[in-house]
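For reference, run.cif is printed below; it contains mmCIF, C-alpha atoms.
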```
data_run
loop_
_atom_site.label_atom_id
_atom_site.label_comp_id
_atom_site.auth_asym_id
_atom_site.auth_seq_id
_atom_site.Cartn_x
_atom_site.Cartn_y
_atom_site.Cartn_z
CA MET A 888 -17.42 -1.07 9.56
CA TRP A 889 -17.94 -4.53 8.14
CA SER A 890 -21.68 -4.51 7.55
CA HIS A 891 -23.76 -2.34 5.23
CA ARG A 892 -27.18 -3.03 3.79
CA SER A 893 -25.88 -2.83 0.20
CA TRP A 894 -22.84 -5.07 0.75
CA PRO A 895 -22.83 -8.72 -0.36
CA GLY A 896 -22.47 -10.11 3.17
CA HIS A 897 -25.32 -8.13 4.71
CA SER A 898 -27.72 -11.07 4.33
CA LEU A 899 -25.52 -13.23 6.55
CA PRO A 900 -26.12 -13.61 10.31
CA SER A 901 -24.50 -10.75 12.21
CA GLY A 902 -21.90 -13.09 13.69
CA GLU A 903 -20.64 -14.02 10.20
CA ARG A 904 -20.45 -10.62 8.54
CA LEU A 905 -16.94 -9.77 9.70
CA ARG A 906 -15.67 -13.12 8.41
CA HIS A 907 -17.18 -12.32 5.02
CA TYR A 908 -15.82 -8.76 5.03
CA ALA A 909 -12.35 -10.11 5.83
CA SER A 910 -12.45 -12.05 2.56
CA TRP A 911 -12.88 -8.74 0.71
CA CYS A 912 -10.53 -6.47 2.66
CA ASP A 913 -7.75 -7.16 5.14
CA ALA A 914 -8.22 -4.12 7.40
CA VAL A 915 -11.10 -2.31 9.08
CA GLU A 916 -11.67 0.89 11.01
CA GLY A 917 -13.08 0.14 14.44
CA ASN A 918 -15.36 3.15 14.71
CA THR A 919 -17.95 1.66 17.08
CA THR A 920 -15.38 1.54 19.89
CA PHE A 921 -15.57 5.35 19.95
CA TYR A 922 -19.10 5.15 21.34
CA ALA A 923 -18.60 2.38 23.89
CA THR A 924 -15.98 -0.12 24.97
CA PRO A 925 -17.10 -3.51 23.61
CA ALA A 926 -17.55 -6.59 25.78
CA ARG A 927 -14.50 -8.83 25.85
CA ASP A 928 -16.46 -11.80 24.48
CA THR A 929 -17.63 -9.65 21.57
CA VAL A 930 -14.02 -8.83 20.76
CA ALA A 931 -13.15 -12.52 21.04
CA SER A 932 -15.74 -13.20 18.33
CA TRP A 933 -14.01 -10.64 16.10
CA ALA A 934 -10.75 -12.49 16.56
CA ALA A 935 -12.41 -15.81 15.75
CA GLN A 936 -13.68 -14.43 12.43
CA THR A 937 -10.30 -13.10 11.24
CA ASP A 938 -6.80 -14.46 10.86
CA ALA A 939 -3.81 -13.08 12.74
CA THR A 940 -2.73 -10.82 9.84
CA PHE A 941 -6.04 -8.93 9.65
CA ARG A 942 -5.68 -5.28 10.70
CA PHE A 943 -7.97 -3.54 13.17
CA VAL A 944 -7.45 0.21 13.60
CA LEU A 945 -9.53 0.80 16.70
CA LYS A 946 -10.72 4.24 17.77
CA LEU A 947 -10.26 5.08 21.44
CA PRO A 948 -13.55 5.70 23.28
CA LYS A 949 -14.86 9.25 23.27
CA VAL A 950 -14.79 9.34 27.06
CA ILE A 951 -10.99 9.39 26.71
CA THR A 952 -10.54 11.72 23.74
CA HIS A 953 -13.56 14.03 23.81
CA GLU A 954 -15.03 14.00 27.31
CA ARG A 955 -11.90 13.79 29.48
CA ARG A 956 -9.70 15.26 26.72
CA LEU A 957 -6.77 12.92 27.40
CA THR A 958 -6.57 13.63 31.15
CA ASP A 959 -7.56 11.38 34.06
CA THR A 960 -8.08 8.50 31.63
CA GLY A 961 -6.63 5.62 33.67
CA GLU A 962 -9.83 3.71 34.38
CA PRO A 963 -11.52 3.88 30.94
CA LEU A 964 -8.19 3.25 29.22
CA ARG A 965 -7.49 0.13 31.29
CA ALA A 966 -11.01 -1.16 30.59
CA PHE A 967 -10.59 -0.60 26.85
CA LEU A 968 -7.17 -2.26 26.67
CA ASP A 969 -8.47 -5.27 28.59
CA ALA A 970 -11.50 -5.56 26.29
CA ILE A 971 -9.44 -5.62 23.08
CA GLU A 972 -6.80 -8.04 24.35
CA PRO A 973 -8.37 -11.07 22.56
CA LEU A 974 -7.48 -9.49 19.20
CA GLY A 975 -3.79 -9.95 19.88
CA PRO A 976 -1.65 -9.03 16.83
CA ARG A 977 -4.73 -7.99 14.85
CA VAL A 978 -4.63 -4.61 16.62
CA HIS A 979 -2.65 -2.74 14.00
CA ALA A 980 -2.99 0.63 15.74
CA LEU A 981 -5.07 2.43 18.32
CA TRP A 982 -6.65 5.47 16.75
CA VAL A 983 -6.70 8.69 18.76
CA GLN A 984 -9.24 10.86 16.94
CA LEU A 985 -9.28 14.32 18.50
CA PRO A 986 -12.11 16.86 18.31
CA GLY A 987 -11.95 19.99 16.19
CA SER A 988 -11.54 21.99 19.39
CA PHE A 989 -8.16 20.32 20.02
CA ALA A 990 -5.73 23.15 19.26
CA PRO A 991 -1.94 23.55 19.03
CA ALA A 992 -1.94 24.77 22.64
CA ASP A 993 -3.25 21.32 23.65
CA VAL A 994 -0.37 19.37 22.08
CA PRO A 995 1.58 19.07 25.37
CA VAL A 996 -1.44 17.26 26.84
CA LEU A 997 -1.33 14.85 23.93
CA GLY A 998 2.38 14.32 24.49
CA ARG A 999 1.88 13.41 28.15
CA PHE A 1000 -0.98 11.09 27.23
CA LEU A 1001 1.02 9.26 24.57
CA ALA A 1002 3.99 8.91 26.92
CA GLN A 1003 1.91 6.96 29.45
CA LEU A 1004 0.49 4.47 26.94
CA PRO A 1005 1.78 0.89 26.94
CA ALA A 1006 4.46 0.11 24.37
CA SER A 1007 2.62 -3.09 23.44
CA HIS A 1008 0.46 -1.13 20.98
CA ARG A 1009 1.08 1.32 18.16
CA TYR A 1010 -0.79 4.62 18.11
CA ALA A 1011 -2.06 6.92 15.39
CA VAL A 1012 -3.54 10.40 15.89
CA GLU A 1013 -6.10 12.27 13.80
CA VAL A 1014 -6.52 16.02 14.24
CA ARG A 1015 -9.09 18.27 12.60
CA ARG A 1016 -8.07 21.78 13.55
CA PRO A 1017 -7.08 23.67 10.35
CA ALA A 1018 -4.06 25.22 12.09
CA PHE A 1019 -2.35 21.82 12.16
CA PHE A 1020 -2.37 21.86 8.34
CA THR A 1021 -1.61 25.51 7.63
CA GLU A 1022 0.62 26.89 10.41
CA PRO A 1023 4.26 25.69 10.21
CA ARG A 1024 4.82 26.03 13.96
CA ALA A 1025 1.74 23.94 14.78
CA ILE A 1026 2.69 21.32 12.20
CA ARG A 1027 6.22 21.06 13.57
CA LEU A 1028 5.03 20.84 17.19
CA LEU A 1029 2.61 18.02 16.44
CA GLU A 1030 5.09 16.12 14.26
CA GLU A 1031 7.76 16.33 16.96
CA THR A 1032 5.33 15.15 19.63
CA LEU A 1033 4.15 12.20 17.56
CA THR A 1034 7.67 11.25 16.51
CA ALA A 1035 8.81 11.21 20.14
CA ALA A 1036 6.06 8.67 20.86
CA SER A 1037 6.60 6.67 17.62
CA ALA A 1038 2.99 7.55 16.75
CA GLU A 1039 1.55 8.15 13.28
CA TRP A 1040 -0.48 11.12 12.02
CA ILE A 1041 -3.63 9.94 10.21
CA PRO A 1042 -4.69 12.27 7.39
CA PHE A 1043 -8.38 12.29 6.53
CA ASP A 1044 -8.38 13.39 2.90
CA THR A 1045 -11.68 15.08 2.03
CA THR A 1046 -10.29 17.26 -0.75
CA ALA A 1047 -11.88 15.24 -3.57
CA PHE A 1048 -15.21 15.24 -1.75
CA PHE A 1049 -15.26 19.02 -1.26
CA SER A 1050 -14.05 19.78 -4.79
CA ARG A 1051 -17.64 19.83 -6.13
CA PRO A 1052 -21.02 20.66 -4.56
CA PRO A 1053 -23.01 17.68 -3.24
CA THR A 1054 -25.36 15.87 -5.62
CA SER A 1055 -27.05 13.26 -3.38
CA ASP A 1056 -28.68 13.12 0.04
CA ALA A 1057 -25.70 11.22 1.43
CA GLU A 1058 -23.29 13.80 0.05
CA ARG A 1059 -25.35 16.67 1.42
CA ASP A 1060 -25.31 15.05 4.85
CA ALA A 1061 -21.54 14.48 4.72
CA TRP A 1062 -21.03 18.06 3.51
CA THR A 1063 -22.12 19.36 6.93
CA LYS A 1064 -20.26 16.78 9.02
CA LYS A 1065 -16.89 15.97 7.49
CA PRO A 1066 -13.78 18.07 8.20
CA ARG A 1067 -12.49 20.33 5.47
CA VAL A 1068 -8.72 20.51 5.84
CA PRO A 1069 -5.79 20.69 3.40
CA LEU A 1070 -4.19 17.57 2.00
CA ARG A 1071 -1.40 15.92 3.98
CA SER A 1072 0.60 12.96 2.65
CA ILE A 1073 3.66 12.68 4.92
CA ALA A 1074 4.35 9.46 6.85
CA LEU A 1075 6.00 9.64 10.27
CA THR A 1076 6.40 5.88 10.83
CA ASP A 1077 6.76 2.66 8.87
CA ARG A 1078 3.00 2.06 9.18
CA PRO A 1079 1.19 5.07 7.72
CA ILE A 1080 -2.61 5.09 7.80
CA VAL A 1081 -4.78 7.12 5.41
CA ARG A 1082 -8.52 7.81 5.44
CA TYR A 1083 -9.91 8.91 2.08
CA LEU A 1084 -13.41 10.21 1.34
CA GLY A 1085 -14.54 10.13 -2.27
CA ARG A 1086 -17.93 10.77 -3.87
CA ASP A 1087 -20.97 8.62 -4.50
CA ASP A 1088 -19.95 8.73 -8.17
CA ASP A 1089 -17.28 6.02 -8.44
CA THR A 1090 -15.55 7.82 -11.30
CA ARG A 1091 -15.01 10.90 -9.13
CA THR A 1092 -13.78 8.73 -6.26
CA VAL A 1093 -11.20 7.02 -8.46
CA GLU A 1094 -10.07 10.33 -9.95
CA GLY A 1095 -9.54 11.73 -6.47
CA TRP A 1096 -7.44 8.87 -5.17
CA GLN A 1097 -4.83 8.84 -7.95
CA ARG A 1098 -2.38 10.84 -5.82
CA TRP A 1099 -2.75 8.21 -3.08
CA VAL A 1100 -2.01 5.37 -5.48
CA GLU A 1101 1.37 6.96 -6.17
CA VAL A 1102 2.00 7.81 -2.51
CA ALA A 1103 1.11 4.31 -1.32
CA ALA A 1104 3.28 2.73 -4.00
CA GLY A 1105 6.16 4.96 -2.95
CA TRP A 1106 5.74 4.00 0.71
CA LEU A 1107 5.78 0.32 -0.20
CA ARG A 1108 8.98 0.76 -2.19
CA GLU A 1109 10.51 2.42 0.88
CA GLY A 1110 9.68 -0.65 2.95
CA ARG A 1111 6.70 0.88 4.76
CA SER A 1112 3.41 -0.97 5.30
CA PRO A 1113 0.56 1.49 4.65
CA THR A 1114 -3.11 0.96 5.43
CA MET A 1115 -5.68 2.74 3.26
CA PHE A 1116 -9.37 3.17 4.10
CA VAL A 1117 -11.68 4.17 1.25
CA HIS A 1118 -15.00 5.83 2.06
CA THR A 1119 -17.81 7.38 0.06
CA PRO A 1120 -20.74 9.30 1.54
CA ASP A 1121 -23.12 6.35 1.08
CA ASN A 1122 -20.38 3.66 1.35
CA ALA A 1123 -22.45 1.47 -0.98
CA ASP A 1124 -19.47 0.35 -3.07
CA ALA A 1125 -16.72 0.74 -0.47
CA PRO A 1126 -15.44 -2.87 -0.48
CA GLN A 1127 -15.27 -3.00 -4.28
CA LEU A 1128 -13.57 0.39 -4.38
CA ALA A 1129 -11.04 -0.66 -1.74
CA ARG A 1130 -10.12 -3.70 -3.82
CA ARG A 1131 -9.87 -1.53 -6.92
CA PHE A 1132 -7.50 0.83 -5.11
CA HIS A 1133 -5.38 -2.14 -4.02
CA ASP A 1134 -5.28 -3.40 -7.62
CA GLU A 1135 -4.06 -0.01 -8.86
CA VAL A 1136 -1.28 0.06 -6.27
CA ARG A 1137 -0.34 -3.55 -7.00
CA ALA A 1138 0.00 -2.73 -10.70
CA ARG A 1139 2.79 -0.36 -9.68
CA VAL A 1140 4.27 -2.63 -6.99
CA PRO A 1141 3.89 -6.19 -8.36
CA GLY A 1142 5.41 -7.71 -5.24
CA LEU A 1143 2.43 -6.59 -3.15
CA ASP A 1144 0.36 -9.57 -2.02
CA ALA A 1145 -3.05 -9.96 -3.63
CA LEU A 1146 -6.18 -9.62 -1.54
CA PRO A 1147 -8.08 -12.84 -0.79
CA ASP A 1148 -10.84 -14.09 -3.05
CA PRO A 1149 -14.23 -12.96 -1.66
CA MET A 1150 -16.29 -15.66 -0.01
CA PRO A 1151 -19.59 -16.52 -1.72
CA VAL A 1152 -22.67 -15.44 0.22
CA ASP A 1153 -24.85 -18.34 -0.91
CA PRO A 1154 -23.85 -21.94 -0.16
CA VAL A 1155 -22.22 -23.85 -3.02
CA THR A 1156 -24.52 -26.53 -4.44
CA LEU A 1157 -23.97 -29.35 -6.94
CA PHE A 1158 -27.14 -28.70 -8.90
#
```

Would you mind writing the file's structure down as structure tokens?
Amino acid sequence: MWSHRSWPGHSLPSGERLRHYASWCDAVEGNTTFYATPARDTVASWAAQTDATFRFVLKLPKVITHERRLTDTGEPLRAFLDAIEPLGPRVHALWVQLPGSFAPADVPVLGRFLAQLPASHRYAVEVRRPAFFTEPRAIRLLEETLTAASAEWIPFDTTAFFSRPPTSDAERDAWTKKPRVPLRSIALTDRPIVRYLGRDDDTRTVEGWQRWVEVAAGWLREGRSPTMFVHTPDNADAPQLARRFHDEVRARVPGLDALPDPMPVDPVTLF
């Protein structure tokens, strides 16, 4: 998301919030596309607020992944791809988030689905079934299927979050909703994507991401271009935390470009 009531740009008109967010972070998860395919002119406004290097990781609509379960998806898929066309190169990857009921036996369906997708986009898959993280045969099957399609596996790291009981309302809510799966930190492509969930206590969040600082730095040294999304249960400090994570990685990889300077919310005055 690019708007939150506690974020600096929340006071701006809705049509300016993405532009402000893009001065803080250079990538965003497109989670709203899961619930409905946006209007093409709405997507055009997203493009107008960001430069060509900004990264959108857009989630496929739930009608494709959850309702039709990757079969008979031609019509909604065509509508979605047409709607996002104005973003052009900003579409870093299309995010195939699969339900917890998606099991190793369903991987062949995923393989057929990925094989029919246009090569003009990159794809990244998120699974939540514990077997994909604990059973060697299931891991190997999914990795081989994704590799054949040049698709990435998105880990959603909730290990730091679940390491201690919840201490806030937001944490208690997330405790019942977020997946609890083992850590995975293996990249399949040159564009790995990681989702990390910390705690509402910034100190705990930073402690939990230290392994990812080293992993991301290693990927960069290998010539990969990782994208990291930092979440907390209340997301109040997410933009600041994302920039802090970037700073920690950049301290280890000095050649990494700096993030832009955040835009001021209030207009600049002479007096």

Where's the centre, and what are the edge lengths in Å to one decimal, of a box along x, y and z enclosing all listed atoms of region 1078-1096 of chain A padded 6 Å per side, as JSON?
```
{"center_x": -9.0, "center_y": 6.9, "center_z": -1.1, "size_x": 36.0, "size_y": 21.7, "size_z": 32.5}
```

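Atom to atom, CA of Ser1050 (chain A) and CA of Gly1095 (chain A) stand 9.4 Å apart.
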
I want to know what sits within 8 Å of region 1078-1081 of chain A, based on all atoms listed in the file, with residues of the same chain fewer than 4 positions away left out; could you give that as an MDAnalysis selection string?
chainID A and resid 1011 1039:1044 1074 1111:1116

Which is closer to Arg904 (chain A) than all the others in A:Ala926, A:Leu1084, A:Val996, A:Ala935, using all atoms listed in the file?
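Counting all atoms listed in the file, the residue closest to Arg904 (chain A) is A:Ala935.
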
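The smallest atom-to-atom distance between Thr929 (chain A) and any of A:Ala1047, A:Leu974, A:Leu1033, A:Ala1103, using all atoms listed in the file, is found for A:Leu974.
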
Result set, the PyMOL selection byres ((chain A and resi 1104) around 12) on current file, as JSON, numbers by chain
{"A": [1097, 1098, 1099, 1100, 1101, 1102, 1103, 1105, 1106, 1107, 1108, 1109, 1110, 1111, 1112, 1113, 1114, 1115, 1132, 1133, 1134, 1135, 1136, 1137, 1138, 1139, 1140, 1141, 1142, 1143]}

Minimum-distance residue to Gly975 (chain A), chosen among A:Ala1035, A:Ala1129, A:Leu997, A:Ala931 (using only C-alpha atoms):
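Comparing A:Ala1035, A:Ala1129, A:Leu997, A:Ala931 against Gly975 (chain A), the winner is A:Ala931.
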
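A straight line drawn from CA of Ser898 (chain A) to CA of Asn918 (chain A) is 21.5 Å long.
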
Mind checking which residues fall within 10 Å of Pro995 (chain A), counting only C-alpha atoms, ignoring those fewer than 3 positions away in the same chain, and posting them as a PyMOL selection string?
chain A and resi 991-992+998-1001+1028-1029+1032

The PyMOL selection byres ((chain A and resi 1014) around 10) - which residues does that actually catch in the file I just gave you? List them as a PyMOL selection string.
chain A and resi 983-990+1012-1013+1015-1020+1029+1040-1043+1066+1068

d(CA of Thr1119 (chain A), CA of Thr1021 (chain A)) in Å:
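One can read the CA of Thr1119 (chain A) to CA of Thr1021 (chain A) distance as 25.5 Å.
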
So which one's closest to Pro895 (chain A), A:Ala1145, A:Gln1127, A:Phe943, A:Pro963? Using only C-alpha atoms, please.
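Answer, going by the shortest atom-to-atom distance: A:Gln1127.
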
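If you apply the PyMOL selection byres ((chain A and resi 1008) around 12) to this structure, you end up with A:Phe943, A:Val944, A:Leu945, A:Leu968, A:Ile971, A:Glu972, A:Leu974, A:Gly975, A:Pro976, A:Arg977, A:Val978, A:His979, A:Ala980, A:Leu981, A:Trp982, A:Leu1001, A:Gln1003, A:Leu1004, A:Pro1005, A:Ala1006, A:Ser1007, A:Arg1009, A:Tyr1010, A:Ala1011, A:Ala1036, A:Ser1037, A:Ala1038.
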
Could you write region 1012-1027 of chain A as a compact mmCIF listing (two decimals), in the coordinates of the input, with N, CA, C and O atoms rebuilt where they are missing?
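That gives us selection_35.txt:
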```txt
# COMPACT_ATOMS: atom_id res chain seq x y z
N VAL A 1012 -2.76 9.24 15.45
CA VAL A 1012 -3.54 10.40 15.89
C VAL A 1012 -4.15 11.10 14.69
O VAL A 1012 -3.49 11.30 13.67
N GLU A 1013 -5.42 11.47 14.82
CA GLU A 1013 -6.10 12.27 13.80
C GLU A 1013 -6.52 13.59 14.41
O GLU A 1013 -7.22 13.60 15.43
N VAL A 1014 -6.11 14.69 13.80
CA VAL A 1014 -6.52 16.02 14.24
C VAL A 1014 -7.35 16.68 13.15
O VAL A 1014 -7.22 16.33 11.98
N ARG A 1015 -8.18 17.64 13.56
CA ARG A 1015 -9.09 18.27 12.60
C ARG A 1015 -9.01 19.79 12.62
O ARG A 1015 -9.70 20.44 11.84
N ARG A 1016 -8.21 20.33 13.48
CA ARG A 1016 -8.07 21.78 13.55
C ARG A 1016 -7.27 22.28 12.34
O ARG A 1016 -6.16 21.80 12.09
N PRO A 1017 -7.79 23.22 11.54
CA PRO A 1017 -7.08 23.67 10.35
C PRO A 1017 -5.66 24.15 10.62
O PRO A 1017 -4.78 24.02 9.75
N ALA A 1018 -5.40 24.69 11.80
CA ALA A 1018 -4.06 25.22 12.09
C ALA A 1018 -2.99 24.15 11.96
O ALA A 1018 -1.85 24.45 11.60
N PHE A 1019 -3.34 22.90 12.24
CA PHE A 1019 -2.35 21.82 12.16
C PHE A 1019 -1.94 21.53 10.71
O PHE A 1019 -0.99 20.79 10.47
N PHE A 1020 -2.65 22.10 9.75
CA PHE A 1020 -2.37 21.86 8.34
C PHE A 1020 -1.85 23.11 7.63
O PHE A 1020 -1.37 23.01 6.50
N THR A 1021 -1.96 24.26 8.29
CA THR A 1021 -1.61 25.51 7.63
C THR A 1021 -0.53 26.31 8.34
O THR A 1021 0.13 27.14 7.71
N GLU A 1022 -0.35 26.10 9.64
CA GLU A 1022 0.62 26.89 10.41
C GLU A 1022 1.88 26.08 10.65
O GLU A 1022 1.84 25.06 11.35
N PRO A 1023 3.01 26.47 10.08
CA PRO A 1023 4.26 25.69 10.21
C PRO A 1023 4.63 25.36 11.65
O PRO A 1023 5.07 24.25 11.94
N ARG A 1024 4.45 26.28 12.57
CA ARG A 1024 4.82 26.03 13.96
C ARG A 1024 3.94 24.92 14.56
O ARG A 1024 4.44 24.04 15.26
N ALA A 1025 2.65 24.95 14.27
CA ALA A 1025 1.74 23.94 14.78
C ALA A 1025 2.04 22.57 14.17
O ALA A 1025 2.01 21.54 14.85
N ILE A 1026 2.34 22.57 12.88
CA ILE A 1026 2.69 21.32 12.20
C ILE A 1026 3.94 20.72 12.84
O ILE A 1026 3.99 19.53 13.15
N ARG A 1027 4.95 21.55 13.01
CA ARG A 1027 6.22 21.06 13.57
C ARG A 1027 6.03 20.54 15.00
O ARG A 1027 6.58 19.49 15.37
```
